[in-house]
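Q: One structure coming up, written as structure tokens, with questions to follow.
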Amino acid sequence: RLSCFDFLFCRGGGVMEDIIALEFKDRIAFLTLCDTKGLNLENLEMVKVLAEKQEEIDRNKEIRAVVVQSSVKNFSAGAALTFLQDVNSRFIKDNLNFLQRAFSRFQELPIPVICAINGICYGGGLELALSCDIRIASRDAKFSMPEVRFGFTADQTGTTRLAKLLGIGNAKKMILLCEEIDAEEAYRIGLVEYLVEKEELHSFAEKLAKRVASFPPSGVRFGKIGVNVAAEGNTYASLMFEQAQSIYCFGTEDKEEAVKSFMEKRKGVFNDK
């Protein structure tokens, strides 16, 4: 079996537009990595296409949730060899801010982003998963952050998000030891929130997306932002945000409809007003 390091150095190519698909269905955006080579390798052009798809999602105000998934054997094996070979300090200076912004964009969206992870999820692929709100792993998923082995470290928000999600100890263990962990261990340490059978992965992700898409949009929006504000560590700012969002939400039509529909035991109809 190939190790994570063998996969990291597989050569990748192809037309970038053809390896990321975007579909809107039932108020859900399905962003699918679909490189037929099966590795969904990352390079600058791939991230540019990702950024374009993110903006397309943001422009569609009917969308209430996003599912990021792969239609091939693996979620993503990280950076392509050709990408890493071309990178130097000038490239980093010119492009890293854009790369970090693209990997942070999902947290700026006012809707939840659910990541369905199968197979290999290494390096930049793991950083993409970390940028989402909720992660689901199939039992065949494998995770690694192997950059240190090659003389650098995760720089597309990986060290920042991994430390906040797992705590310093587990983050250092993954980053400094470059170990691969399986789906069970990822679930145990909190790297993923759900663990499902391989054949249930996509349907389970869609089920979660439909559930959250059925809720009042303002409640979902401010719930996501509120947790993100709290994660920054300023208790006073977090409490002030709670007050501000509550003042707004209690004045919305959707709040009235949510309470009324619950009492009447019917499905609520929400118009983001």
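Letters A, B, ... mark the chains of the structure tokens in the order given; residue numbers begin at 1 per chain; ligand numbers begin at 1, in order shown.
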Hey, which bits of stretch 153-204 of chain A sit within 10 Å of stretch 115-129 of chain A, and for each residue what's the closest pair of atoms and how far apart in Å (one decimal), counting only C-alpha atoms, rows by chain and increasing number, as a Markdown table?
A:
```
| residue | atom | partner | partner_atom | distance |
| --- | --- | --- | --- | --- |
| A:Thr153 | CA | A:Gly123 | CA | 9.3 |
| A:Ala154 | CA | A:Gly123 | CA | 7.0 |
| A:Asp155 | CA | A:Gly124 | CA | 8.8 |
| A:Gln156 | CA | A:Glu127 | CA | 6.5 |
| A:Thr157 | CA | A:Glu127 | CA | 6.6 |
| A:Gly158 | CA | A:Glu127 | CA | 5.0 |
| A:Thr159 | CA | A:Glu127 | CA | 8.7 |
| A:Thr160 | CA | A:Glu127 | CA | 9.9 |
| A:Arg161 | CA | A:Glu127 | CA | 8.1 |
| A:Leu162 | CA | A:Glu127 | CA | 8.4 |
| A:Ile175 | CA | A:Gly123 | CA | 9.7 |
| A:Cys178 | CA | A:Gly123 | CA | 9.8 |
| A:Glu180 | CA | A:Tyr122 | CA | 8.6 |
| A:Asp182 | CA | A:Ile120 | CA | 9.6 |
| A:Ala183 | CA | A:Asn118 | CA | 9.3 |
| A:Leu191 | CA | A:Ala129 | CA | 9.6 |
| A:Val192 | CA | A:Ile117 | CA | 9.1 |
| A:Tyr194 | CA | A:Ala116 | CA | 9.4 |
| A:Leu195 | CA | A:Ile117 | CA | 9.7 |
| A:Val196 | CA | A:Ala116 | CA | 9.9 |
| A:Glu197 | CA | A:Asn118 | CA | 9.9 |
| A:Lys198 | CA | A:Asn118 | CA | 7.3 |
| A:Leu201 | CA | A:Ala116 | CA | 6.5 |
| A:His202 | CA | A:Ala116 | CA | 6.7 |
| A:Ser203 | CA | A:Ala116 | CA | 9.7 |
| A:Phe204 | CA | A:Ala116 | CA | 8.7 |
```
Q: Near A:Gly223, counting only C-alpha atoms, which residues have an atom at most 12 Å away, once you skip same-chain residues fewer than 3 positions from it, shown as a VMD selection string?
A: chain A and resid 110 to 112 133 212 215 to 220 226 to 230 238 241 to 242 245 to 246 249
Q: Write a file of the just-selected residues containing N, CA and C atoms, as a PDB file, in the first residue's frame.
A:
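Result file follows (again_10.pdb):
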```pdb
ATOM      1  N   PRO A 110     -22.246  32.793   5.321  1.00  0.00           N
ATOM      2  CA  PRO A 110     -23.211  32.820   6.429  1.00  0.00           C
ATOM      3  C   PRO A 110     -24.008  31.534   6.563  1.00  0.00           C
ATOM      4  N   ILE A 111     -23.593  30.493   5.868  1.00  0.00           N
ATOM      5  CA  ILE A 111     -24.293  29.212   5.886  1.00  0.00           C
ATOM      6  C   ILE A 111     -23.315  28.111   6.274  1.00  0.00           C
ATOM      7  N   PRO A 112     -23.811  27.008   6.835  1.00  0.00           N
ATOM      8  CA  PRO A 112     -22.919  25.924   7.253  1.00  0.00           C
ATOM      9  C   PRO A 112     -22.311  25.202   6.049  1.00  0.00           C
ATOM     10  N   ASP A 133     -17.329  23.645   8.489  1.00  0.00           N
ATOM     11  CA  ASP A 133     -17.932  23.742   9.818  1.00  0.00           C
ATOM     12  C   ASP A 133     -18.115  22.394  10.488  1.00  0.00           C
ATOM     13  N   VAL A 212     -30.220  21.312   8.423  1.00  0.00           N
ATOM     14  CA  VAL A 212     -29.857  22.686   8.775  1.00  0.00           C
ATOM     15  C   VAL A 212     -30.494  23.683   7.813  1.00  0.00           C
ATOM     16  N   PHE A 215     -33.941  25.165   8.883  1.00  0.00           N
ATOM     17  CA  PHE A 215     -34.044  26.068  10.020  1.00  0.00           C
ATOM     18  C   PHE A 215     -34.095  27.529   9.562  1.00  0.00           C
ATOM     19  N   PRO A 216     -34.533  28.440  10.429  1.00  0.00           N
ATOM     20  CA  PRO A 216     -34.534  29.873  10.078  1.00  0.00           C
ATOM     21  C   PRO A 216     -33.114  30.351   9.749  1.00  0.00           C
ATOM     22  N   PRO A 217     -32.909  30.979   8.592  1.00  0.00           N
ATOM     23  CA  PRO A 217     -31.556  31.358   8.160  1.00  0.00           C
ATOM     24  C   PRO A 217     -30.806  32.259   9.137  1.00  0.00           C
ATOM     25  N   SER A 218     -31.493  33.196   9.769  1.00  0.00           N
ATOM     26  CA  SER A 218     -30.786  34.097  10.686  1.00  0.00           C
ATOM     27  C   SER A 218     -30.265  33.359  11.904  1.00  0.00           C
ATOM     28  N   GLY A 219     -31.038  32.403  12.414  1.00  0.00           N
ATOM     29  CA  GLY A 219     -30.563  31.616  13.542  1.00  0.00           C
ATOM     30  C   GLY A 219     -29.311  30.839  13.187  1.00  0.00           C
ATOM     31  N   VAL A 220     -29.309  30.238  11.999  1.00  0.00           N
ATOM     32  CA  VAL A 220     -28.145  29.480  11.544  1.00  0.00           C
ATOM     33  C   VAL A 220     -26.948  30.402  11.332  1.00  0.00           C
ATOM     34  N   GLY A 226     -21.418  33.253  15.843  1.00  0.00           N
ATOM     35  CA  GLY A 226     -21.226  33.331  17.289  1.00  0.00           C
ATOM     36  C   GLY A 226     -20.176  32.353  17.790  1.00  0.00           C
ATOM     37  N   VAL A 227     -20.204  31.138  17.280  1.00  0.00           N
ATOM     38  CA  VAL A 227     -19.193  30.160  17.675  1.00  0.00           C
ATOM     39  C   VAL A 227     -17.811  30.607  17.202  1.00  0.00           C
ATOM     40  N   ASN A 228     -17.738  31.147  15.985  1.00  0.00           N
ATOM     41  CA  ASN A 228     -16.450  31.618  15.474  1.00  0.00           C
ATOM     42  C   ASN A 228     -15.899  32.771  16.310  1.00  0.00           C
ATOM     43  N   VAL A 229     -16.774  33.669  16.729  1.00  0.00           N
ATOM     44  CA  VAL A 229     -16.340  34.783  17.589  1.00  0.00           C
ATOM     45  C   VAL A 229     -15.842  34.235  18.926  1.00  0.00           C
ATOM     46  N   ALA A 230     -16.595  33.292  19.486  1.00  0.00           N
ATOM     47  CA  ALA A 230     -16.193  32.713  20.776  1.00  0.00           C
ATOM     48  C   ALA A 230     -14.854  32.003  20.669  1.00  0.00           C
ATOM     49  N   SER A 238     -17.645  38.028  22.777  1.00  0.00           N
ATOM     50  CA  SER A 238     -18.599  36.966  22.484  1.00  0.00           C
ATOM     51  C   SER A 238     -19.958  37.265  23.101  1.00  0.00           C
ATOM     52  N   PHE A 241     -21.662  39.990  21.198  1.00  0.00           N
ATOM     53  CA  PHE A 241     -22.223  39.481  19.946  1.00  0.00           C
ATOM     54  C   PHE A 241     -23.531  38.750  20.204  1.00  0.00           C
ATOM     55  N   GLU A 242     -23.586  37.952  21.277  1.00  0.00           N
ATOM     56  CA  GLU A 242     -24.824  37.266  21.605  1.00  0.00           C
ATOM     57  C   GLU A 242     -25.968  38.259  21.803  1.00  0.00           C
ATOM     58  N   GLN A 245     -26.945  39.836  18.227  1.00  0.00           N
ATOM     59  CA  GLN A 245     -27.670  38.942  17.329  1.00  0.00           C
ATOM     60  C   GLN A 245     -29.059  38.646  17.872  1.00  0.00           C
ATOM     61  N   SER A 246     -29.183  38.596  19.200  1.00  0.00           N
ATOM     62  CA  SER A 246     -30.480  38.296  19.789  1.00  0.00           C
ATOM     63  C   SER A 246     -31.459  39.449  19.586  1.00  0.00           C
ATOM     64  N   CYS A 249     -32.513  39.011  15.903  1.00  0.00           N
ATOM     65  CA  CYS A 249     -33.308  37.807  15.596  1.00  0.00           C
ATOM     66  C   CYS A 249     -34.715  37.878  16.189  1.00  0.00           C
TER      67      CYS A 249
END
```
Q: Looking only at helix (DSSP H, G or I) from DSSP on the backbone, list the matching residues of stretch 71-197 of chain A as a ChimeraX atom specification.
A: /A:81-86,89-108,124-130,147-150,158-166,168-177,183-189
Q: In Å to one decimal, how far is atom CA of A:Ala209 from atom CA of A:Ala65?
A: 5.7 Å
Q: Residues within 10 Å of A:Asn40, please, as a ChimeraX atom specification. Count only C-alpha atoms; anything in the same chain fewer than 5 positions from it doesn't count.
A: /A:12-13,19-20,33-35,46,70-80,120-121,125
Q: Work out how far apart atom CA of A:Thr252 and atom CA of A:Asn271 are and give it in Å to one decimal.
A: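 A separation of 9.9 Å between them.
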Q: Can you check which residues of stretch 27-268 of chain A DSSP gives as strand (DSSP E or B) on the backbone and send them as a ChimeraX atom specification?
A: /A:28-33,42,65-70,76,79,113-117,120-122,134-138,142-144,181-182,194-196
Q: Give me, as an NGL selection string, all polymer residues having an atom no more than 8 Å from A:Val269, counting only C-alpha atoms and skipping those fewer than 3 positions away in the same chain.
A: :A and (254 or 257-258)
Q: Keeping only N, CA, C and O atoms, write the selected residues as an mmCIF file, in the first residue's frame.
A:
```
data_model
loop_
_atom_site.group_PDB
_atom_site.id
_atom_site.type_symbol
_atom_site.label_atom_id
_atom_site.label_comp_id
_atom_site.auth_asym_id
_atom_site.auth_seq_id
_atom_site.Cartn_x
_atom_site.Cartn_y
_atom_site.Cartn_z
ATOM 1 N N ASP A 254 -39.155 35.409 10.679
ATOM 2 C CA ASP A 254 -38.816 33.991 10.761
ATOM 3 C C ASP A 254 -38.871 33.478 12.191
ATOM 4 O O ASP A 254 -39.261 32.321 12.438
ATOM 5 N N GLU A 257 -42.467 32.849 12.918
ATOM 6 C CA GLU A 257 -42.913 31.663 12.202
ATOM 7 C C GLU A 257 -42.350 30.400 12.841
ATOM 8 O O GLU A 257 -43.040 29.362 12.918
ATOM 9 N N ALA A 258 -41.120 30.452 13.310
ATOM 10 C CA ALA A 258 -40.499 29.281 13.923
ATOM 11 C C ALA A 258 -41.252 28.857 15.183
ATOM 12 O O ALA A 258 -41.530 27.671 15.387
#
```
Q: Which residue, A:Asp58, A:Glu199, A:Glu184, A:Asp272, has the smallest gap to A:Glu256 when you use only C-alpha atoms?
A: A:Asp272
